[in-house]
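Beneath this line is the structure, given in C-alpha cells, with notes to follow.
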Amino acid sequence: MDTRNDQRVAIATYLRSLAEWRLRKAEEYDRDARNLRSAAGLRELAAYIEGLPEDDLRVRRLREVAFTGDEFTPGQQAAYEAGRFRFHHAETRLDAFLDRVVELAEADVGEQGRFGGIMPPGDDPWG
C-alpha cells in the first residue's frame, strides 16, 4: 500500500490514537472491560480501513468532509461515535460502523457555522 497522502492511513492513525486513549481509560478504571473492548475494536477498525480499496466511496467521502490537509479531523458527532466504537455493543460490525461515521461526518459539516439559522443569500459568512 502506498502510504503517501493515503486517507486510509490517516483515518487509521486517528483510530489508533483513540485506541491508545481507551487503553489509558481502562487503566484509570481498573482494567475496565468496556474500554479494553473498545480499544481492541478501534485497532481492528483501523486495520480494516487500511485494507479497503483506494477508491472506496466512504473513504473518498470522508476525504471531502473530514480532513484538514492530510489529517483526518472529524467533527463532533463523528469523533464522539468513533471514540465509543464497541464500548457498549461488542457486536458492532466494521462495515456498518464506517457507513455510520460517514453519515455523521456529513452531518457535522452541515452544522458547522449554522448556529444562527439559515441566512439570506449573500449574508452567510460560511457559505
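We label chains A, B, ... in the order they appear in the C-alpha cells, count residues from 1 in each chain, and number ligands from 1 in the order shown.
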**OP:** Please provide the set of residues having any atom within 9 Å of segment 101-105 of chain A, restricted to only C-alpha atoms, with same-chain residues fewer than 5 positions apart removed, written as JSON, numbers by chain.
**Re:** {"A": [58, 59, 61, 62, 65, 66, 74, 75, 76, 77, 78, 79, 81, 82, 96, 110]}
Original post:
To one decimal place, how far is atom CA of Arg34 of chain A from atom CA of Phe87 of chain A in Å?
Top reply: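 Atom CA of Phe87 of chain A lies 5.0 Å from atom CA of Arg34 of chain A.
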**OP:** Choose the residue, out of A:Ala40, A:Asn35, A:Thr13, A:Asp56, that has the smallest atom-to-atom separation from Leu98 of chain A; count only C-alpha atoms.
**Re:**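 Checking each of A:Ala40, A:Asn35, A:Thr13, A:Asp56 against Leu98 of chain A, counting only C-alpha atoms, the winner is A:Asp56.
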Subject >> Those in chain A with strand (DSSP E) from DSSP, as a PyMOL selection string >> reply: chain A and resi 67-68+71-72
Original post:
Hey, what does DSSP flag as helix (DSSP H, G or I) within segment 2-108 of chain A? Can you give it to me as a PyMOL selection string?
Top reply: chain A and resi 7-28+33-50+57-65+76-83+94-108
Original post:
Contacts of segment 17-21 of chain A at 6 Å or less, counting only C-alpha atoms, minus same-chain residues fewer than 2 places along, as a ChimeraX atom specification?
Top reply: /A:14-15,23-24,39,42
Original post:
Quick one: residues within 7 Å of Ala12 of chain A, only C-alpha atoms counted, chain neighbours fewer than 4 positions away excluded, as a PyMOL selection string?
Top reply: chain A and resi 8+16+46-47+49-50
With N, CA, C and O atoms kept, could you save the residues just selected as a compact mmCIF listing (two decimals), in the first residue's frame?
# COMPACT_ATOMS: atom_id res chain seq x y z
N ARG A 8 -6.69 6.48 3.92
CA ARG A 8 -6.93 5.32 4.76
C ARG A 8 -5.95 5.28 5.92
O ARG A 8 -6.33 4.98 7.06
N ARG A 16 -6.22 4.60 15.83
CA ARG A 16 -5.26 4.00 16.75
C ARG A 16 -4.94 4.94 17.92
O ARG A 16 -4.69 4.48 19.03
N ALA A 46 -9.22 0.16 12.43
CA ALA A 46 -8.09 0.81 11.73
C ALA A 46 -7.50 -0.12 10.67
O ALA A 46 -7.27 0.29 9.53
N ALA A 47 -7.28 -1.36 11.04
CA ALA A 47 -6.71 -2.33 10.08
C ALA A 47 -7.69 -2.57 8.92
O ALA A 47 -7.27 -2.68 7.76
N ILE A 49 -9.90 -0.46 7.69
CA ILE A 49 -9.90 0.71 6.81
C ILE A 49 -8.64 0.75 5.96
O ILE A 49 -8.70 1.06 4.77
N GLU A 50 -7.50 0.40 6.54
CA GLU A 50 -6.27 0.35 5.74
C GLU A 50 -6.35 -0.68 4.63
O GLU A 50 -5.72 -0.53 3.59
**OP:** Might you pull out every residue within 8 Å of Arg37 of chain A, with only C-alpha atoms counted and same-chain residues fewer than 4 positions away left off, and present them as JSON, numbers by chain?
**Re:** {"A": [33, 41, 86, 87, 90]}
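Comparing A:Arg84, A:Asp6, A:Ala26, A:Ile11 by their smallest distance to Phe72 of chain A, the closest is A:Ile11 (using only C-alpha atoms).
Nearest residue to Ala10 of chain A, choosing from A:Glu91, A:Arg100, A:Thr68, A:Asp108 and counting only C-alpha atoms: A:Thr68.
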